[in-house]
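Chemist: First the structure, which I've put down as structure tokens, then a few questions once you've had a look.
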Amino acid sequence: MKIYSKNILLGISFLFTVITNAQTVHHYVDPMIGSEGVGRVFIGPSCPYGMVKPSPDCTSSPNSGWLPMPKEVTGFSQVHVSGTGGGPKYGNIQIMPFSGALDKIDQTSFRAEENVKLGYYETVFKENNIKTEITTGEKVSFYRFTYPKNKSKELKIDPGFFLGEEKIPEAREAQQFVGSQIEIVSDTEVRGYSRIRGGWNNGRAYTVYFYAIFDQPIAKYVTFKDGKFYNNQKAQFDSGKKTAALLSFENGKEELNVKIGISFLSELKAKNNIEVEIPHWNFNEVLKALENKWENLLSRIQLSKDTSDEYRKMFYTGLYHTMIMPVDRTGENPLWTNDEPYYDDFYTIWDTFRSSSPLITLIDSKRKVEIINAMLNIYKREGYMPEGRSGNDNGRTQGGSNAEVVIADAFVKNLKGIDYELALQAMLKDATVPPGGNEEKEGRGGLLDYLKLGYVPYGTDRAGNRTIDYSYNDYNIATVAKGLGKTDLYNQYIKQAENWQNLWRADYENNGAKGFIMPKDKDGNWLDDVVFGESKIQKPTFKYTPVIIESPWYVCHWCVFFYEGTSWEYSFSLPHDIPELVKKSGGEKAFENRLDIFFDNNLFNVANEPSFLTPCLYHWIGKPYLSSDRIRTIIKDNFNTSREGLPGNDDSGAMSSWLAFHMMGLYPNAGQPYYLINTPLIKEVFVKLENGKSFKIITKKMNDKNKYIKTALLNGKPYNKAWITHDDIMNGGELILEMDSKPSAWGTTILPPAK
């Protein structure tokens, strides 16, 4: 009894110490991590899931708008995305400060310096020494321009600008101009809109309305339309031509403050957003409010005091990147009217379901409930849940109907406030009703063949990963059906969850491993040679192997058998059926050898989401220490705090959330109610849960040498599993990991749950 009381006192003491010494953490976020190279993250200020994301546009080419110096800046737009591949999207309502005559629309300038931190962007231009500072609210951008003494103060407002413009009409993945409008309403107000279509998801037209308010009056102006300037014309209406305005302000104050409200409904709604959100002119107050919003979220996870600044920056920036998108547009939906949540820029669920979505569930579960209800709202109004929605339009499906994974993940983690009966209907719609028309947009392409044959045959785009993904999505349906007591549905879909096996070519050998997911035609024939290109007349072929990457050398980017990957990668990507995969690979010894070949021969691609779980697969053969070894090596070799510190497109926080989870020593198997336990990179992690409880992960004796888990205690009791349930975490408590220099028997006998 005395020992038990002492442990309680120690636990209370530790909890008190952590809470009272909780550190301010938002200043560890570095928005520039992953900004260069392939990361493509958004570097400007943003609220969590914020609708408005202002930042510089360095030409119309980059997805996030920003490029490193010395690239020129064409202006500052109000709407952007983060970490995306493919064609650009948004870059709407551009403004640009300048000094001089109102006689040219191009006011391109070069940066002399640049300063970026969470919630704040600053630059000074070489040509004119004008300083631009930016912060933002949820729906309103706030600019503070400082002009040199004795220099005139001019400003361009250009609703005709957008990212991804190409000269080729209807170019795939390019945004296309539809129309724009601008009006000088008073000597301190300008309003208008930009209407654009296309972009990455080839979506329908979307309209971004704006209302700009200045803290001092306009002295003179010209408006612009279709290459011409107009004096004394306050408005240029929409006639399908680009419009803009050049404004000049009276000398006096060197500082010009500008608030730009954005709306997807109307100009007056954009104005109302300013009045409601930022009715004052205090730039620093807006910045402070933004910092507090992030601090509230980020500080829910505290790291031990001895954590290095480098690890703190990597970790908190990872959390930050995870919560930039999807975007909360509740109250800004131009397509239908109700009081339900509305979110856009799921970019894409194929990228985010594995780690981003579970991390939001762990940190911000109330927000995750909103996001899922928004997905169901979209289903009710448009017929399908989103996969790659952007610009208020569904479109792109890269593989499965992966909203199913998000629903199942919420269900098994007992998230409240979701109509799971409706969610099951939405999942079944994906699984039973072909979308028709453009099968890239939503639902399941190749569905009829999948239901008839048990696989998607070669000749249908992305047949390989669609078959694998649909199998997992069917498992997700079975999970929810079982939980809702629908036994017949469960039996049907748990059987369909085995469909991946219909493309498993058991006798195929490559690089010392046997058995791979390989192409098969409608008649059930394995294909060693497949058609090169898209010619309808000549049909040359090429040899298909498990290491081949088809695009862009042999077929178009979307015409591949495996999207953005190889059979080596995808043949591991079966998160619901790893024990069966081990068996088909020849047993535990052969599977370990297969994994070693994969990593040691550089067949693993850290930048590819289907491989996210693969470093953890040693858990299923009772060797979690090998998973930890692989993960630590991957992080050491591929992640850091530099501007090239992400090894692939961040994809709405997918890459960043993978890192953040592993730094804590946890990794989710999305759609299932547990996390795999690996050696953390941080000695102590304190998670403040939304239910008022807390969960701690504490390592003892961990250092570069002692990197293996010797024993574990969960709430004071021996814990011998290398995985932990979501409920165990939500119930609060502490997981203590004692480390050693050699692998032990810990976690080797009780394997992660099977299907």
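Residues in the structure tokens are named by chain (A, B, ... in the order shown) and by number from 1 within that chain; ligands are numbered from 1 in the order shown.
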Residues of stretch 234-409 of chain A classed as alpha helix (DSSP H) by DSSP on the backbone are to be reported as a PyMOL selection string.

Modeler: chain A and resi 267-277+283-298+309-322+349-352+356-363+365-382+403-409

Chemist: Please extract the residues of stretch 603-725 of chain A with a backbone DSSP assignment of strand (DSSP E) and present them as number ranges by chain.

Modeler: A: 666-668, 674-677, 684-688, 694-700, 708-714, 717-718, 723-725

Chemist: Only N, CA, C and O atoms, please: the residues just picked out, written as a tab-separated table (two decimals), in the first residue's frame.

Modeler:
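Everything below was put into part_34.tsv:
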```tsv
chain	number	residue	atom	x	y	z
A	666	LEU	N	4.91	6.60	-31.69
A	666	LEU	CA	3.64	5.97	-32.06
A	666	LEU	C	3.45	6.05	-33.57
A	666	LEU	O	3.96	6.96	-34.22
A	667	TYR	N	2.68	5.10	-34.11
A	667	TYR	CA	2.27	5.23	-35.50
A	667	TYR	C	0.94	4.53	-35.68
A	667	TYR	O	0.78	3.37	-35.31
A	668	PRO	N	-0.07	5.23	-36.26
A	668	PRO	CA	-1.40	4.64	-36.41
A	668	PRO	C	-1.46	3.68	-37.59
A	668	PRO	O	-0.74	3.85	-38.58
A	674	TYR	N	-5.67	1.09	-33.01
A	674	TYR	CA	-4.43	0.97	-32.26
A	674	TYR	C	-3.30	1.74	-32.94
A	674	TYR	O	-3.39	2.15	-34.10
A	675	TYR	N	-2.24	1.95	-32.16
A	675	TYR	CA	-1.02	2.58	-32.64
A	675	TYR	C	0.14	1.62	-32.39
A	675	TYR	O	0.22	0.99	-31.33
A	676	LEU	N	1.02	1.51	-33.34
A	676	LEU	CA	2.24	0.72	-33.16
A	676	LEU	C	3.23	1.52	-32.32
A	676	LEU	O	3.31	2.74	-32.45
A	677	ILE	N	3.95	0.85	-31.45
A	677	ILE	CA	4.92	1.51	-30.57
A	677	ILE	C	6.32	1.28	-31.11
A	677	ILE	O	6.73	0.12	-31.34
A	684	GLU	N	10.53	12.35	-23.35
A	684	GLU	CA	9.24	12.38	-22.67
A	684	GLU	C	8.26	13.22	-23.49
A	684	GLU	O	8.60	14.31	-23.95
A	685	VAL	N	7.06	12.67	-23.66
A	685	VAL	CA	5.99	13.35	-24.39
A	685	VAL	C	4.75	13.38	-23.51
A	685	VAL	O	4.35	12.34	-22.96
A	686	PHE	N	4.17	14.55	-23.36
A	686	PHE	CA	2.98	14.74	-22.54
A	686	PHE	C	1.85	15.19	-23.45
A	686	PHE	O	1.94	16.24	-24.08
A	687	VAL	N	0.78	14.39	-23.54
A	687	VAL	CA	-0.35	14.70	-24.41
A	687	VAL	C	-1.55	15.09	-23.55
A	687	VAL	O	-2.04	14.29	-22.75
A	688	LYS	N	-2.00	16.31	-23.72
A	688	LYS	CA	-3.18	16.80	-23.01
A	688	LYS	C	-4.39	16.51	-23.89
A	688	LYS	O	-4.56	17.10	-24.96
A	694	SER	N	-4.83	13.10	-19.50
A	694	SER	CA	-3.54	13.26	-20.15
A	694	SER	C	-2.87	11.90	-20.29
A	694	SER	O	-3.15	10.96	-19.53
A	695	PHE	N	-2.00	11.82	-21.27
A	695	PHE	CA	-1.24	10.58	-21.49
A	695	PHE	C	0.22	10.95	-21.68
A	695	PHE	O	0.54	11.89	-22.41
A	696	LYS	N	1.08	10.20	-21.01
A	696	LYS	CA	2.52	10.48	-21.06
A	696	LYS	C	3.26	9.28	-21.63
A	696	LYS	O	2.94	8.13	-21.31
A	697	ILE	N	4.25	9.54	-22.45
A	697	ILE	CA	5.19	8.52	-22.92
A	697	ILE	C	6.55	8.91	-22.37
A	697	ILE	O	7.07	9.98	-22.69
A	698	ILE	N	7.09	8.06	-21.52
A	698	ILE	CA	8.34	8.38	-20.82
A	698	ILE	C	9.37	7.30	-21.12
A	698	ILE	O	9.08	6.10	-21.00
A	699	THR	N	10.56	7.70	-21.54
A	699	THR	CA	11.64	6.74	-21.72
A	699	THR	C	12.64	6.88	-20.58
A	699	THR	O	12.85	7.97	-20.05
A	700	LYS	N	13.24	5.78	-20.22
A	700	LYS	CA	14.28	5.77	-19.20
A	700	LYS	C	15.57	5.23	-19.79
A	700	LYS	O	15.56	4.20	-20.48
A	708	TYR	N	16.85	0.63	-27.83
A	708	TYR	CA	15.91	-0.49	-27.93
A	708	TYR	C	15.06	-0.57	-26.67
A	708	TYR	O	15.55	-0.36	-25.56
A	709	ILE	N	13.78	-0.87	-26.85
A	709	ILE	CA	12.88	-0.99	-25.71
A	709	ILE	C	13.12	-2.34	-25.02
A	709	ILE	O	12.96	-3.40	-25.63
A	710	LYS	N	13.51	-2.28	-23.74
A	710	LYS	CA	13.79	-3.48	-22.96
A	710	LYS	C	12.53	-4.00	-22.27
A	710	LYS	O	12.19	-5.19	-22.34
A	711	THR	N	11.82	-3.08	-21.60
A	711	THR	CA	10.56	-3.40	-20.93
A	711	THR	C	9.65	-2.19	-21.01
A	711	THR	O	10.09	-1.07	-21.30
A	712	ALA	N	8.37	-2.42	-20.72
A	712	ALA	CA	7.40	-1.33	-20.72
A	712	ALA	C	6.42	-1.50	-19.57
A	712	ALA	O	6.08	-2.63	-19.18
A	713	LEU	N	5.98	-0.37	-19.06
A	713	LEU	CA	4.94	-0.35	-18.04
A	713	LEU	C	3.83	0.58	-18.51
A	713	LEU	O	4.09	1.71	-18.92
A	714	LEU	N	2.60	0.10	-18.46
A	714	LEU	CA	1.44	0.93	-18.74
A	714	LEU	C	0.69	1.13	-17.44
A	714	LEU	O	0.15	0.16	-16.87
A	717	LYS	N	1.83	-1.24	-14.69
A	717	LYS	CA	1.76	-2.69	-14.90
A	717	LYS	C	2.58	-3.08	-16.12
A	717	LYS	O	2.64	-2.33	-17.10
A	718	PRO	N	3.24	-4.27	-16.07
A	718	PRO	CA	4.03	-4.71	-17.23
A	718	PRO	C	3.19	-4.73	-18.50
A	718	PRO	O	2.03	-5.17	-18.50
A	723	TRP	N	2.20	-2.46	-29.39
A	723	TRP	CA	1.10	-1.65	-29.90
A	723	TRP	C	0.19	-1.30	-28.73
A	723	TRP	O	0.17	-1.98	-27.70
A	724	ILE	N	-0.55	-0.21	-28.87
A	724	ILE	CA	-1.41	0.27	-27.80
A	724	ILE	C	-2.71	0.76	-28.41
A	724	ILE	O	-2.71	1.37	-29.50
A	725	THR	N	-3.83	0.52	-27.74
A	725	THR	CA	-5.11	0.92	-28.30
A	725	THR	C	-5.36	2.41	-28.09
A	725	THR	O	-4.82	3.04	-27.17
```

Chemist: With a distance cut-off of 9 Å and only C-alpha atoms, select the neighbouring residues of stretch 323-325 of chain A, excluding the residue or stretch itself and same-chain residues fewer than 5 positions from it, and output the selection as an NGL selection string.

Modeler: :A and (42 or 46-51 or 81-82 or 344-347 or 356 or 360 or 652-653)

Chemist: Pick out the residues sitting within 8 Å of A:Cys616, and hand them over as a VMD selection string; count only C-alpha atoms, and ignore anything fewer than 6 positions along from it in its own chain.

Modeler: chain A and resid 624 627 to 628 631 676

Chemist: Smallest atom-to-atom distance to A:Lys721: which of A:Leu646, A:Val258, A:Val178, A:Ala745, using only C-alpha atoms?

Modeler: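 Residue with the minimum atom-to-atom distance to A:Lys721: A:Ala745.
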
Chemist: Got a sec: who's within 12 Å of stretch 544-549 of chain A, counting only C-alpha atoms, leaving out chain neighbours fewer than 6 positions off, as a ChimeraX atom specification?

Modeler: /A:458,464,504-505,508-520,526-532,555-557,559-572,598,601-605

Chemist: Please indicate the distance in Å from atom CA of A:Glu138 to atom CA of A:Asp650, rounded to one decimal place.

Modeler: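 Going from atom CA of A:Glu138 over to atom CA of A:Asp650 covers 22.1 Å.
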
Chemist: What is the distance between atom CA of A:Pro673 and atom CA of A:Lys413, in Å to one decimal?

Modeler: 5.8 Å

Chemist: When you look at A:Asn691 with a cut-off of 10 Å (counting only C-alpha atoms), what residues show up, excluding the ones that are within fewer than 5 positions of it in the same chain? I need them as a list in words.

Modeler: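 Everything that qualifies: Ser365, Met730, Asn731 and Gly732 of chain A.
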
Chemist: Just write the chosen residues, C-alpha atoms, as an mmCIF file, in the first residue's frame.

Modeler:
```
data_model
loop_
_atom_site.group_PDB
_atom_site.id
_atom_site.type_symbol
_atom_site.label_atom_id
_atom_site.label_comp_id
_atom_site.auth_asym_id
_atom_site.auth_seq_id
_atom_site.Cartn_x
_atom_site.Cartn_y
_atom_site.Cartn_z
ATOM 1 C CA SER A 365 -10.919 15.377 -32.250
ATOM 2 C CA MET A 730 -7.780 8.248 -24.117
ATOM 3 C CA ASN A 731 -8.196 6.711 -20.662
ATOM 4 C CA GLY A 732 -5.087 8.638 -19.647
#
```

Chemist: Can you pull out the residues contacting A:Glu588? Cut-off 8 Å, using only C-alpha atoms, and skip same-chain residues under 5 positions away; I want them as JSON, numbers by chain.

Modeler: {"A": [582, 583, 621]}

Chemist: Okay, now the selection with all heavy atoms, as a PDB file, in the first residue's frame?

Modeler:
```pdb
ATOM      1  N   VAL A 582       2.221 -11.868 -44.858  1.00  0.00           N
ATOM      2  CA  VAL A 582       3.390 -12.600 -44.349  1.00  0.00           C
ATOM      3  C   VAL A 582       3.331 -14.050 -44.822  1.00  0.00           C
ATOM      4  O   VAL A 582       4.328 -14.619 -45.298  1.00  0.00           O
ATOM      5  CB  VAL A 582       3.442 -12.532 -42.809  1.00  0.00           C
ATOM      6  CG1 VAL A 582       4.541 -13.446 -42.271  1.00  0.00           C
ATOM      7  CG2 VAL A 582       3.672 -11.099 -42.348  1.00  0.00           C
ATOM      8  N   LYS A 583       2.177 -14.643 -44.697  1.00  0.00           N
ATOM      9  CA  LYS A 583       1.990 -16.042 -45.113  1.00  0.00           C
ATOM     10  C   LYS A 583       2.262 -16.210 -46.604  1.00  0.00           C
ATOM     11  O   LYS A 583       2.985 -17.129 -47.021  1.00  0.00           O
ATOM     12  CB  LYS A 583       0.570 -16.477 -44.778  1.00  0.00           C
ATOM     13  CG  LYS A 583       0.230 -17.908 -45.151  1.00  0.00           C
ATOM     14  CD  LYS A 583      -1.213 -18.228 -44.766  1.00  0.00           C
ATOM     15  CE  LYS A 583      -1.612 -19.625 -45.229  1.00  0.00           C
ATOM     16  NZ  LYS A 583      -3.040 -19.911 -44.904  1.00  0.00           N
ATOM     17  N   ILE A 621       6.056  -9.702 -37.433  1.00  0.00           N
ATOM     18  CA  ILE A 621       6.858 -10.925 -37.320  1.00  0.00           C
ATOM     19  C   ILE A 621       7.588 -10.949 -35.981  1.00  0.00           C
ATOM     20  O   ILE A 621       8.573 -11.671 -35.809  1.00  0.00           O
ATOM     21  CB  ILE A 621       7.848 -11.075 -38.495  1.00  0.00           C
ATOM     22  CG1 ILE A 621       8.780  -9.861 -38.599  1.00  0.00           C
ATOM     23  CG2 ILE A 621       7.092 -11.299 -39.805  1.00  0.00           C
ATOM     24  CD1 ILE A 621       9.897 -10.027 -39.631  1.00  0.00           C
TER      25      ILE A 621
END
```

Chemist: Residues of stretch 235-334 of chain A that have any atom at most 10 Å from an atom of stretch 92-100 of chain A: could you tabulate them with the shortest-distance atom pair and the distance in Å to one decimal, using only C-alpha atoms, ordered by chain and increasing number, as CSV?

Modeler:
```
residue,atom,partner,partner_atom,distance
A:Ala244,CA,A:Gln94,CA,9.4
A:Ala245,CA,A:Ile95,CA,9.6
A:Leu246,CA,A:Met96,CA,9.4
A:Leu247,CA,A:Pro97,CA,9.4
A:Ser248,CA,A:Ser99,CA,8.7
A:Leu256,CA,A:Pro97,CA,9.6
A:Val258,CA,A:Ile95,CA,10.0
A:Ile260,CA,A:Ile93,CA,9.1
A:Ile262,CA,A:Ile93,CA,8.9
```

Chemist: Could you make a table, as a tab-separated table, of the residues of stretch 395-464 of chain A that have an atom within 12 Å of an atom of stretch 607-613 of chain A, each with its nearest atom pair and distance in Å to one decimal, counting only C-alpha atoms, in chain and number order?

Modeler:
```
residue	atom	partner	partner_atom	distance
A:Gln398	CA	A:Pro610	CA	11.6
A:Gly399	CA	A:Pro610	CA	10.6
A:Gly400	CA	A:Pro610	CA	11.8
```

Chemist: If you keep all heavy atoms, can you produce a file of those selected residues as an mmCIF file, in the first residue's frame?

Modeler:
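As written to disk, result_10.cif reads:
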```
data_model
loop_
_atom_site.group_PDB
_atom_site.id
_atom_site.type_symbol
_atom_site.label_atom_id
_atom_site.label_comp_id
_atom_site.auth_asym_id
_atom_site.auth_seq_id
_atom_site.Cartn_x
_atom_site.Cartn_y
_atom_site.Cartn_z
ATOM 1 N N GLN A 398 -7.256 9.181 -56.728
ATOM 2 C CA GLN A 398 -5.978 8.604 -57.141
ATOM 3 C C GLN A 398 -5.978 7.084 -56.992
ATOM 4 O O GLN A 398 -5.168 6.396 -57.585
ATOM 5 C CB GLN A 398 -4.850 9.225 -56.308
ATOM 6 C CG GLN A 398 -4.651 10.697 -56.615
ATOM 7 C CD GLN A 398 -4.095 11.467 -55.439
ATOM 8 O OE1 GLN A 398 -4.783 11.681 -54.457
ATOM 9 N NE2 GLN A 398 -2.854 11.882 -55.529
ATOM 10 N N GLY A 399 -6.863 6.609 -56.156
ATOM 11 C CA GLY A 399 -6.936 5.171 -55.920
ATOM 12 C C GLY A 399 -8.299 4.823 -55.400
ATOM 13 O O GLY A 399 -9.292 4.868 -56.115
ATOM 14 N N GLY A 400 -8.366 4.506 -54.103
ATOM 15 C CA GLY A 400 -9.622 4.066 -53.525
ATOM 16 C C GLY A 400 -10.560 5.204 -53.176
ATOM 17 O O GLY A 400 -10.288 6.376 -53.409
#
```
